[in-house]
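K.L.:
Input file: start00.tsv. Contents: TSV, C-alpha atoms and all ligand atoms.
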chain	number	residue	atom	x	y	z
Y	11	MET	CA	-41.45	301.98	47.66
Y	12	LEU	CA	-42.36	301.76	51.37
Y	13	GLU	CA	-42.73	298.05	50.93
Y	14	THR	CA	-39.11	297.72	49.80
Y	15	GLN	CA	-38.00	299.93	52.67
Y	16	LEU	CA	-39.84	297.69	55.14
Y	17	GLU	CA	-38.41	294.49	53.70
Y	18	GLU	CA	-34.93	296.03	53.65
Y	19	LEU	CA	-35.34	297.15	57.27
Y	20	ARG	CA	-36.32	293.63	58.28
Y	21	ARG	CA	-33.35	292.10	56.49
Y	22	ALA	CA	-30.78	294.63	57.72
Y	23	THR	CA	-31.96	294.59	61.32
Y	24	LEU	CA	-32.11	290.79	61.53
Y	25	ALA	CA	-28.56	290.76	60.15
Y	26	ALA	CA	-27.48	293.36	62.75
Y	27	PHE	CA	-29.08	291.30	65.53
Y	28	ALA	CA	-27.32	288.19	64.24
Y	29	SER	CA	-23.91	289.81	64.18
Y	30	ALA	CA	-24.28	291.58	67.56
Y	31	ASN	CA	-21.56	290.40	69.92
Y	32	SER	CA	-22.85	291.96	73.08
Y	33	LEU	CA	-26.02	293.11	74.74
Y	34	GLU	CA	-24.99	296.70	73.99
Y	35	ASP	CA	-24.63	295.98	70.25
Y	36	LEU	CA	-27.97	294.25	70.25
Y	37	GLU	CA	-29.65	297.11	72.07
Y	38	GLY	CA	-28.06	299.61	69.66
Y	39	ALA	CA	-29.52	297.79	66.65
Y	40	ARG	CA	-32.91	297.60	68.33
Y	41	VAL	CA	-33.03	301.33	69.06
Y	42	GLU	CA	-32.00	302.12	65.50
Y	43	ALA	CA	-34.86	300.07	64.06
Y	44	LEU	CA	-37.58	300.09	66.71
Y	45	GLY	CA	-36.73	303.09	68.89
Y	46	ARG	CA	-38.93	306.17	69.14
Y	47	LYS	CA	-36.84	307.93	66.52
Y	48	GLY	CA	-35.87	304.73	64.68
Y	49	SER	CA	-36.43	303.60	61.07
Y	50	LEU	CA	-39.77	301.99	61.71
Y	51	ALA	CA	-41.13	305.16	63.31
Y	52	ARG	CA	-39.87	307.17	60.35
Y	53	ILE	CA	-41.59	304.84	57.85
Y	54	THR	CA	-44.81	304.96	59.85
Y	55	LYS	CA	-44.93	308.72	59.37
Y	56	GLU	CA	-45.10	308.23	55.59
Y	57	PHE	CA	-48.31	306.23	56.00
Y	58	GLY	CA	-50.36	309.43	56.10
Y	59	ARG	CA	-49.79	309.96	52.40
Y	60	LEU	CA	-51.10	306.51	51.37
Y	61	ALA	CA	-54.45	305.56	49.94
Y	62	PRO	CA	-56.62	303.68	52.46
Y	63	ASP	CA	-56.30	300.20	50.90
Y	64	GLU	CA	-52.51	300.66	50.45
Y	65	ARG	CA	-52.31	301.79	54.03
Y	66	ALA	CA	-54.12	298.64	55.20
Y	67	ARG	CA	-51.88	296.34	53.19
Y	68	LEU	CA	-48.63	298.02	54.22
Y	69	GLY	CA	-49.88	298.30	57.82
Y	70	LYS	CA	-50.05	294.52	57.96
Y	71	LEU	CA	-46.54	294.24	56.58
Y	72	LEU	CA	-45.29	296.83	59.06
Y	73	ASN	CA	-46.80	294.89	61.97
Y	74	SER	CA	-45.26	291.64	60.81
Y	75	VAL	CA	-41.83	293.29	60.46
Y	76	LYS	CA	-42.15	294.78	63.90
Y	77	GLN	CA	-43.18	291.46	65.40
Y	78	ASP	CA	-40.34	289.56	63.67
Y	79	LEU	CA	-37.79	292.02	64.97
Y	80	GLU	CA	-39.15	291.96	68.53
Y	81	THR	CA	-39.27	288.18	68.61
Y	82	GLU	CA	-35.74	287.88	67.35
Y	83	TYR	CA	-34.52	290.57	69.73
Y	84	ASP	CA	-36.04	288.75	72.74
Y	85	ALA	CA	-34.57	285.42	71.70
Y	86	LYS	CA	-31.11	286.85	71.18
Y	87	GLU	CA	-31.26	288.78	74.44
Y	88	ARG	CA	-32.19	285.62	76.30
Y	89	ARG	CA	-29.24	283.82	74.71
Y	90	PHE	CA	-26.85	286.55	75.87
Y	91	GLU	CA	-28.19	286.30	79.40
Y	92	GLU	CA	-27.90	282.53	79.46
Y	93	THR	CA	-24.33	282.68	78.21
Y	94	ALA	CA	-23.45	285.28	80.84
Y	95	LEU	CA	-24.98	283.16	83.61
Y	96	ALA	CA	-23.23	280.02	82.40
Y	97	GLU	CA	-19.93	281.89	82.33
Y	98	ARG	CA	-20.45	283.21	85.83
Y	99	LEU	CA	-21.33	279.78	87.17
Y	100	ALA	CA	-18.28	278.29	85.47
Y	101	ASN	CA	-15.92	280.88	86.95
Y	102	GLU	CA	-17.48	281.39	90.35
Y	103	TRP	CA	-16.57	279.04	93.18
Y	104	ILE	CA	-16.43	279.10	96.92
Y	105	ASP	CA	-14.41	277.16	99.43
Y	106	VAL	CA	-17.06	276.01	101.86
Y	107	THR	CA	-14.37	275.03	104.36
Y	108	LEU	CA	-13.25	278.65	104.81
Y	109	PRO	CA	-14.51	280.37	107.97
Y	110	ALA	CA	-17.16	282.93	107.02
Y	111	PRO	CA	-15.78	286.47	107.29
Y	112	GLY	CA	-17.45	289.00	109.53
Y	113	VAL	CA	-20.02	286.80	111.21
Y	114	HIS	CA	-20.30	287.82	114.84
Y	115	PRO	CA	-23.07	285.87	116.56
Y	116	GLY	CA	-24.48	287.80	119.51
Y	117	SER	CA	-24.63	286.40	123.03
Y	118	LEU	CA	-26.39	287.15	126.26
Y	119	HIS	CA	-24.82	289.59	128.69
Y	120	PRO	CA	-23.24	287.76	131.65
Y	121	VAL	CA	-25.72	289.44	134.02
Y	122	THR	CA	-28.61	288.18	131.87
Y	123	GLN	CA	-27.10	284.69	131.81
Y	124	LEU	CA	-26.87	284.56	135.60
Y	125	GLN	CA	-30.35	286.07	135.97
Y	126	GLN	CA	-31.84	283.38	133.73
Y	127	GLU	CA	-30.03	280.62	135.64
Y	128	ILE	CA	-31.48	281.88	138.92
Y	129	GLU	CA	-34.93	282.29	137.38
Y	130	ASP	CA	-34.83	278.67	136.20
Y	131	LEU	CA	-33.80	277.47	139.64
Y	132	PHE	CA	-36.53	279.39	141.47
Y	133	THR	CA	-39.32	278.64	139.03
Y	134	SER	CA	-38.46	274.95	139.51
Y	135	MET	CA	-39.16	275.53	143.24
Y	136	GLY	CA	-42.54	277.15	142.64
Y	137	PHE	CA	-41.53	280.82	142.63
Y	138	ALA	CA	-43.16	283.30	140.26
Y	139	VAL	CA	-40.94	285.76	138.40
Y	140	LEU	CA	-42.28	289.30	138.79
Y	141	GLU	CA	-41.29	292.59	137.23
Y	142	GLY	CA	-41.80	296.06	138.55
Y	143	PRO	CA	-41.25	299.54	137.12
Y	144	GLU	CA	-37.85	301.22	137.30
Y	145	VAL	CA	-39.55	304.56	137.98
Y	146	GLU	CA	-41.21	303.98	141.33
Y	147	THR	CA	-43.30	305.80	143.87
Y	148	GLU	CA	-41.86	306.80	147.23
Y	149	GLU	CA	-44.56	304.59	148.74
Y	150	HIS	CA	-43.37	301.38	147.10
Y	151	ASN	CA	-39.65	302.08	147.37
Y	152	PHE	CA	-39.67	303.32	150.97
Y	153	ASP	CA	-42.87	303.78	153.00
Y	154	ALA	CA	-44.43	300.38	152.42
Y	155	LEU	CA	-41.06	298.84	153.28
Y	156	ASN	CA	-41.16	300.40	156.74
Y	157	ILE	CA	-38.91	303.31	155.76
Y	158	PRO	CA	-40.96	306.49	156.45
Y	159	SER	CA	-39.53	309.82	155.30
Y	160	THR	CA	-38.27	310.59	158.78
Y	161	HIS	CA	-36.34	307.33	158.91
Y	162	PRO	CA	-32.53	307.59	158.88
Y	163	ALA	CA	-32.39	304.46	156.72
Y	164	ARG	CA	-33.44	306.60	153.77
Y	165	ASP	CA	-29.85	307.83	153.73
Y	166	MET	CA	-28.51	304.27	153.34
Y	167	GLN	CA	-29.36	304.44	149.67
Y	168	ASP	CA	-28.60	307.63	147.76
Y	169	THR	CA	-31.71	308.20	145.76
Y	170	ILE	CA	-32.16	309.72	142.31
Y	171	TRP	CA	-35.38	311.76	142.60
Y	172	LEU	CA	-37.36	312.86	139.59
Y	173	THR	CA	-39.00	316.27	139.38
Y	174	SER	CA	-42.40	314.52	139.29
Y	175	GLY	CA	-41.82	313.31	142.86
Y	176	HIS	CA	-41.20	309.78	141.63
Y	177	LEU	CA	-37.79	308.17	141.99
Y	178	LEU	CA	-35.60	305.61	140.25
Y	179	ARG	CA	-35.94	302.54	142.43
Y	180	THR	CA	-32.90	302.13	144.66
Y	181	HIS	CA	-33.46	298.40	145.12
Y	182	THR	CA	-35.74	295.63	143.83
Y	183	SER	CA	-37.57	295.51	147.18
Y	184	PRO	CA	-40.52	297.63	145.94
Y	185	VAL	CA	-41.42	294.59	143.83
Y	186	GLN	CA	-41.96	292.75	147.15
Y	187	VAL	CA	-44.70	295.27	147.87
Y	188	ARG	CA	-46.21	294.77	144.42
Y	189	GLY	CA	-45.95	290.98	144.87
Y	190	MET	CA	-47.70	290.98	148.26
Y	191	ARG	CA	-50.54	293.12	146.93
Y	192	LYS	CA	-50.92	291.27	143.66
Y	193	LEU	CA	-50.50	287.65	144.72
Y	194	GLY	CA	-51.75	287.58	148.32
Y	195	PRO	CA	-50.57	284.84	150.71
Y	196	PRO	CA	-49.33	282.17	150.39
Y	197	PHE	CA	-46.92	282.98	147.55
Y	198	ARG	CA	-43.33	282.73	146.43
Y	199	MET	CA	-41.76	285.22	144.05
Y	200	ILE	CA	-38.50	286.54	142.73
Y	201	ALA	CA	-37.93	289.86	140.96
Y	202	PRO	CA	-34.78	290.56	138.99
Y	203	GLY	CA	-34.16	294.06	137.75
Y	204	ARG	CA	-32.15	297.21	137.30
Y	205	VAL	CA	-31.72	299.57	140.21
Y	206	PHE	CA	-30.24	303.05	140.47
Y	207	ARG	CA	-28.30	305.00	143.04
Y	208	ASN	CA	-26.87	308.45	143.12
Y	209	GLU	CA	-23.30	307.18	143.41
Y	210	GLU	CA	-19.89	308.53	142.55
Y	211	VAL	CA	-18.83	305.95	139.94
Y	212	ASP	CA	-15.59	304.06	140.49
Y	213	ALA	CA	-14.25	300.51	140.10
Y	214	SER	CA	-16.67	299.17	142.70
Y	215	HIS	CA	-19.62	301.60	142.45
Y	216	GLU	CA	-22.06	302.12	139.60
Y	217	HIS	CA	-25.11	304.35	139.43
Y	218	THR	CA	-26.94	301.50	137.66
Y	219	PHE	CA	-26.69	297.83	138.55
Y	220	HIS	CA	-28.78	294.67	138.81
Y	221	GLN	CA	-30.34	293.03	141.83
Y	222	LEU	CA	-32.52	290.03	142.36
Y	223	GLU	CA	-35.17	290.06	145.04
Y	224	GLY	CA	-36.92	287.06	146.50
Y	225	MET	CA	-39.82	286.62	148.88
Y	226	MET	CA	-41.82	283.76	150.29
Y	227	VAL	CA	-44.91	284.21	152.45
Y	228	ASP	CA	-46.70	281.27	154.00
Y	229	ARG	CA	-47.74	279.92	157.39
Y	230	GLU	CA	-44.82	279.51	159.80
Y	231	VAL	CA	-41.99	280.51	157.47
Y	232	SER	CA	-38.82	280.59	159.53
Y	233	VAL	CA	-35.12	281.38	159.34
Y	234	ALA	CA	-34.57	277.66	158.67
Y	235	ASN	CA	-36.56	278.00	155.42
Y	236	LEU	CA	-34.55	281.08	154.51
Y	237	ILE	CA	-31.26	279.26	155.10
Y	238	TYR	CA	-32.39	276.29	153.02
Y	239	PHE	CA	-33.27	278.41	149.99
Y	240	MET	CA	-30.16	280.56	150.27
Y	241	LYS	CA	-27.88	277.50	150.42
Y	242	THR	CA	-29.67	275.98	147.44
Y	243	LEU	CA	-29.32	279.25	145.54
Y	244	LEU	CA	-25.63	279.77	146.25
Y	245	SER	CA	-24.64	276.12	145.67
Y	246	SER	CA	-26.40	276.27	142.34
Y	247	ILE	CA	-24.71	279.53	141.31
Y	248	PHE	CA	-21.22	278.41	142.32
Y	249	LYS	CA	-21.82	274.81	141.26
Y	250	ARG	CA	-20.54	273.37	144.53
Y	251	GLU	CA	-21.52	272.95	148.16
Y	252	VAL	CA	-21.07	276.30	149.96
Y	253	THR	CA	-20.71	277.08	153.64
Y	254	ILE	CA	-22.71	280.08	154.77
Y	255	ARG	CA	-23.07	282.17	157.89
Y	256	LEU	CA	-25.58	284.78	158.95
Y	257	ARG	CA	-24.57	287.98	160.66
Y	258	PRO	CA	-27.05	290.44	162.08
Y	259	GLY	CA	-27.76	293.08	159.45
Y	260	TYR	CA	-30.06	296.04	159.52
Y	261	PHE	CA	-32.77	296.53	156.89
Y	262	PRO	CA	-35.96	298.22	158.12
Y	263	PHE	CA	-38.21	295.80	156.20
Y	264	VAL	CA	-36.95	292.62	157.87
Y	265	GLU	CA	-36.78	291.51	161.49
Y	266	PRO	CA	-34.51	289.79	162.21
Y	267	GLY	CA	-32.32	290.99	159.36
Y	268	PHE	CA	-29.10	289.38	158.23
Y	269	GLU	CA	-26.08	289.79	156.06
Y	270	LEU	CA	-25.33	286.41	154.57
Y	271	ASP	CA	-21.70	285.47	153.89
Y	272	ILE	CA	-20.22	282.44	152.19
Y	273	HIS	CA	-16.93	280.75	152.91
Y	274	CYS	CA	-14.49	282.33	150.45
Y	275	LEU	CA	-14.37	280.14	147.36
Y	276	ILE	CA	-10.90	281.33	146.40
Y	277	CYS	CA	-9.10	280.26	149.60
Y	278	ASP	CA	-11.73	277.97	151.11
Y	279	GLY	CA	-11.94	280.15	154.18
Y	280	VAL	CA	-8.22	280.21	154.93
Y	281	GLY	CA	-7.90	283.93	154.08
Y	282	CYS	CA	-6.83	285.69	150.88
Y	283	ALA	CA	-6.98	289.06	149.14
Y	284	VAL	CA	-10.47	288.45	147.76
Y	285	CYS	CA	-12.00	287.89	151.21
Y	286	LYS	CA	-9.65	290.47	152.72
Y	287	TYR	CA	-8.15	287.68	154.87
Y	288	SER	CA	-11.42	287.12	156.73
Y	289	GLY	CA	-12.27	283.80	155.06
Y	290	TRP	CA	-15.80	285.06	154.32
Y	291	VAL	CA	-17.38	287.00	151.47
Y	292	GLU	CA	-20.59	288.97	151.89
Y	293	GLN	CA	-23.27	287.81	149.47
Y	294	LEU	CA	-26.70	289.21	150.18
Y	295	GLY	CA	-29.13	290.85	152.57
Y	296	CYS	CA	-32.06	288.89	153.93
Y	297	GLY	CA	-34.37	288.31	156.87
Y	298	LEU	CA	-37.88	287.59	158.00
Y	299	VAL	CA	-40.40	290.06	156.67
Y	300	HIS	CA	-41.18	292.77	159.24
Y	301	PRO	CA	-44.79	292.56	160.53
Y	302	ASN	CA	-45.31	296.23	159.61
Y	303	VAL	CA	-44.41	295.44	156.01
Y	304	LEU	CA	-46.91	292.58	155.85
Y	305	ARG	CA	-49.58	294.72	157.46
Y	306	MET	CA	-49.06	297.62	155.06
Y	307	SER	CA	-49.77	295.25	152.18
Y	308	ASN	CA	-52.89	293.80	153.80
Y	309	ILE	CA	-51.35	290.57	155.07
Y	310	ASP	CA	-52.11	289.60	158.67
Y	311	PRO	CA	-48.77	288.95	160.48
Y	312	GLU	CA	-50.60	286.84	163.08
Y	313	GLU	CA	-51.46	284.36	160.37
Y	314	TRP	CA	-48.63	284.71	157.86
Y	315	SER	CA	-44.88	285.07	157.96
Y	316	GLY	CA	-42.24	285.25	155.31
Y	317	PHE	CA	-38.63	285.69	154.37
Y	318	ALA	CA	-37.11	288.08	151.86
Y	319	PHE	CA	-33.69	288.43	150.33
Y	320	GLY	CA	-31.98	290.75	147.92
Y	321	LEU	CA	-28.75	290.02	146.13
Y	322	GLY	CA	-26.56	292.00	143.80
Y	323	LEU	CA	-26.56	290.20	140.45
Y	324	THR	CA	-23.87	292.53	139.17
Y	325	ARG	CA	-21.60	291.79	142.11
Y	326	LEU	CA	-22.20	288.05	141.81
Y	327	VAL	CA	-21.18	288.14	138.15
Y	328	MET	CA	-18.01	290.01	139.13
Y	329	MET	CA	-17.19	287.31	141.72
Y	330	ARG	CA	-18.00	284.51	139.36
Y	331	TYR	CA	-15.66	285.72	136.61
Y	332	GLY	CA	-13.10	287.61	138.70
Y	333	ILE	CA	-14.05	290.99	137.16
Y	334	ASP	CA	-12.45	293.76	139.19
Y	335	ASP	CA	-14.08	296.83	137.63
Y	336	VAL	CA	-17.87	297.18	137.74
Y	337	ARG	CA	-17.79	299.81	134.97
Y	338	GLN	CA	-16.96	297.14	132.40
Y	339	LEU	CA	-20.39	295.56	132.79
Y	340	LEU	CA	-22.30	298.51	131.36
Y	341	SER	CA	-19.57	299.65	128.99
Y	342	GLY	CA	-20.96	297.88	125.92
Y	343	ASP	CA	-17.33	297.17	125.01
Y	344	LEU	CA	-17.31	294.15	122.70
Y	345	ARG	CA	-13.74	293.25	123.65
Y	346	PHE	CA	-15.10	292.67	127.14
Y	347	LEU	CA	-18.49	291.20	126.23
Y	348	THR	CA	-17.33	288.64	123.66
Y	349	GLN	CA	-15.49	286.80	126.43
Y	350	PHE	CA	-18.76	285.44	127.80
H	401	LIG	N1	-33.04	295.81	149.44
H	401	LIG	C1	-31.84	295.56	150.19
H	401	LIG	C2	-30.70	296.35	149.56
H	401	LIG	O1	-30.78	296.74	148.44
H	401	LIG	C3	-31.50	294.09	150.20
H	401	LIG	C4	-32.49	293.25	150.97
H	401	LIG	C5	-33.56	292.72	150.34
H	401	LIG	C6	-32.30	293.02	152.33
H	401	LIG	C7	-34.47	291.92	151.05
H	401	LIG	C8	-33.17	292.23	153.04
H	401	LIG	C9	-34.26	291.69	152.39
H	401	LIG	O2	-29.68	296.56	150.18
Can you turn what I pasted into structure tokens?
P.N.:
Amino acid sequence: MLETQLEELRRATLAAFASANSLEDLEGARVEALGRKGSLARITKEFGRLAPDERARLGKLLNSVKQDLETEYDAKERRFEETALAERLANEWIDVTLPAPGVHPGSLHPVTQLQQEIEDLFTSMGFAVLEGPEVETEEHNFDALNIPSTHPARDMQDTIWLTSGHLLRTHTSPVQVRGMRKLGPPFRMIAPGRVFRNEEVDASHEHTFHQLEGMMVDREVSVANLIYFMKTLLSSIFKREVTIRLRPGYFPFVEPGFELDIHCLICDGVGCAVCKYSGWVEQLGCGLVHPNVLRMSNIDPEEWSGFAFGLGLTRLVMMRYGIDDVRQLLSGDLRFLTQF
């Protein structure tokens, strides 16, 4: 009796598998026969009533039925999958000449690009690239640069003070101090970085911008050395020969101190709106390192001398690309940034 049921189950289920037209049909037939509440499970329950030798004989048959059905199910399932894949491959195609949609490769910020160019130039001339912290001590940012707390020059740069007594560095010059103490003379270094001032923000003022500092200390460093490096720097940035001039400029950490101008690149010095009809555009502050500054970082000014300069990377980028609003640079606006 059970034997006939098992043989009939095998026959009927194999027939159902054979006629299944979809994976769902196939799965339906499988559940009906082999599922937890399926025919095979039902038949198995009857086994309890059988004599031991009958049970052994029919058990074998049951296992062989089960195995047949599982094997056939797997084979048929695989066939369905292969057909589906073949169909997909036959119908799917792409036009490899179409531009890919939505691919927006990133690029370096224009300030970063200029910074890296200048780093390459200076490292090729034996300068180390140093970094310093953005949160600085009063000592590094002011005192060691010959700007004691009583000095009026502290008001030249509106400082953002932290409650801890630290400050956000107002210029990259504190890295000079770190450089002198870390490297010891003779050395050459540059230090690019972000600086912060307590400024009312408008088209030409930002509270956060980028500077690049440079310093060289050796025996008998003179203004002639300074001029040579500054001309090399500016010719490299503007990719042409530039004419420069030095005007006296006051920075407590250099003596003599200068403001360095270049001949206006827009009008070639004739006079235009960009140079405010003066023919010259201010570029950077520089000078020979003040003996006090050397001394405060344990360098003997009788033996060593040096030059230092600090330029506004942000402002240089604005000049280079004719950007007239400094706020664009930190805006993160992709319409602006993707132009570079
Ligand atoms: N630190 C000065 C500033 O931010 C620039 C400077 C650097 C001037 C080095 C002279 C020498 O204005």
K.L.:
Would you write out, as a Markdown table, a table of all residues in chain Y that have an atom no more than 8 Å from an atom of ligand LIG 401 (chain H), listing for each the closest atom pair and the distance in Å to one decimal, considering only C-alpha atoms and all ligand atoms and ordering rows by chain and rising residue number?
P.N.:
| residue | atom | partner | partner_atom | distance |
| --- | --- | --- | --- | --- |
| Y:Gln167 | CA | H:LIG401 | O2 | 7.9 |
| Y:Thr180 | CA | H:LIG401 | O1 | 6.9 |
| Y:His181 | CA | H:LIG401 | O1 | 4.6 |
| Y:Thr182 | CA | H:LIG401 | N1 | 6.2 |
| Y:Ser183 | CA | H:LIG401 | N1 | 5.1 |
| Y:Gln221 | CA | H:LIG401 | O1 | 7.6 |
| Y:Glu223 | CA | H:LIG401 | C5 | 6.1 |
| Y:Gly224 | CA | H:LIG401 | C7 | 7.1 |
| Y:Met225 | CA | H:LIG401 | C7 | 7.8 |
| Y:Phe261 | CA | H:LIG401 | C6 | 5.8 |
| Y:Phe263 | CA | H:LIG401 | C9 | 6.9 |
| Y:Val264 | CA | H:LIG401 | C8 | 6.1 |
| Y:Gly267 | CA | H:LIG401 | C8 | 6.5 |
| Y:Phe268 | CA | H:LIG401 | C8 | 7.2 |
| Y:Glu269 | CA | H:LIG401 | C6 | 7.9 |
| Y:Leu294 | CA | H:LIG401 | C3 | 6.8 |
| Y:Gly295 | CA | H:LIG401 | C6 | 3.8 |
| Y:Cys296 | CA | H:LIG401 | C8 | 3.6 |
| Y:Gly297 | CA | H:LIG401 | C8 | 5.6 |
| Y:Leu298 | CA | H:LIG401 | C9 | 7.8 |
| Y:Val299 | CA | H:LIG401 | C9 | 7.7 |
| Y:Phe317 | CA | H:LIG401 | C9 | 7.7 |
| Y:Ala318 | CA | H:LIG401 | C9 | 4.6 |
| Y:Phe319 | CA | H:LIG401 | C7 | 3.6 |
| Y:Gly320 | CA | H:LIG401 | C5 | 3.5 |
| Y:Leu321 | CA | H:LIG401 | C3 | 6.4 |
| Y:Gly322 | CA | H:LIG401 | O1 | 7.9 |
K.L.:
Tell me which protein, DNA and RNA residues are within 12 Å of Met328 (chain Y), counting only C-alpha atoms, leaving out same-chain ones fewer than 6 positions away, and put them as a list in words.
P.N.:
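My list of contacting residues is Pro120, Val121, Leu124, Ala213, Ser214, Phe219, His220, Val284, Gln293, Gly322, Asp334, Asp335, Val336, Arg337, Gln338 and Leu339 of chain Y.
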K.L.:
Work out how far CA of Pro184 (chain Y) is from CA of Ala201 (chain Y), in Å to one decimal.
P.N.:
9.6 Å
K.L.:
Have a look at CA of Glu292 (chain Y) and CA of Gly136 (chain Y) and let me know their distance in Å, one decimal.
P.N.:
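CA of Gly136 (chain Y) lies 26.6 Å from CA of Glu292 (chain Y).
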K.L.:
Using Å and a single decimal, report how far CA of Ala100 (chain Y) sits from CA of Glu34 (chain Y).
P.N.:
22.7 Å
K.L.:
What's the 10 Å shell around Asn308 (chain Y), counting only C-alpha atoms, without same-chain residues fewer than 2 positions away, as a ChimeraX atom specification?
P.N.:
/Y:190-191,194-195,302-306,310-311
K.L.:
Between Y:Met329, Y:Leu256, Y:Val231, Y:Leu36, which residue has the minimum interatomic distance to Asp84 (chain Y), considering all atoms listed in the file?
P.N.:
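Ranked by minimum distance to Asp84 (chain Y), first place goes to Y:Leu36.
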K.L.:
My list of candidates is Y:Pro301, Y:Arg204, Y:Pro262, Y:Pro115. Which is closest to Asn156 (chain Y) when distances are computed with all atoms listed in the file?
P.N.:
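For Asn156 (chain Y), the nearest of the given residues is Y:Pro262.
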K.L.:
Skip Val227 (chain Y) itself and residues of its chain fewer than 3 positions away, then list as a PDB file with C-alpha atoms, keeping the file's coordinate frame all residues within 6 Å of it, counting only C-alpha atoms.
P.N.:
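This went into result_4.pdb:
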ATOM      1  CA  PRO Y 195     -50.570 284.840 150.710  1.00  0.00           C
ATOM      2  CA  PRO Y 196     -49.330 282.170 150.390  1.00  0.00           C
ATOM      3  CA  PHE Y 197     -46.920 282.980 147.550  1.00  0.00           C
ATOM      4  CA  SER Y 315     -44.880 285.070 157.960  1.00  0.00           C
ATOM      5  CA  GLY Y 316     -42.240 285.250 155.310  1.00  0.00           C
TER       6      GLY Y 316
END
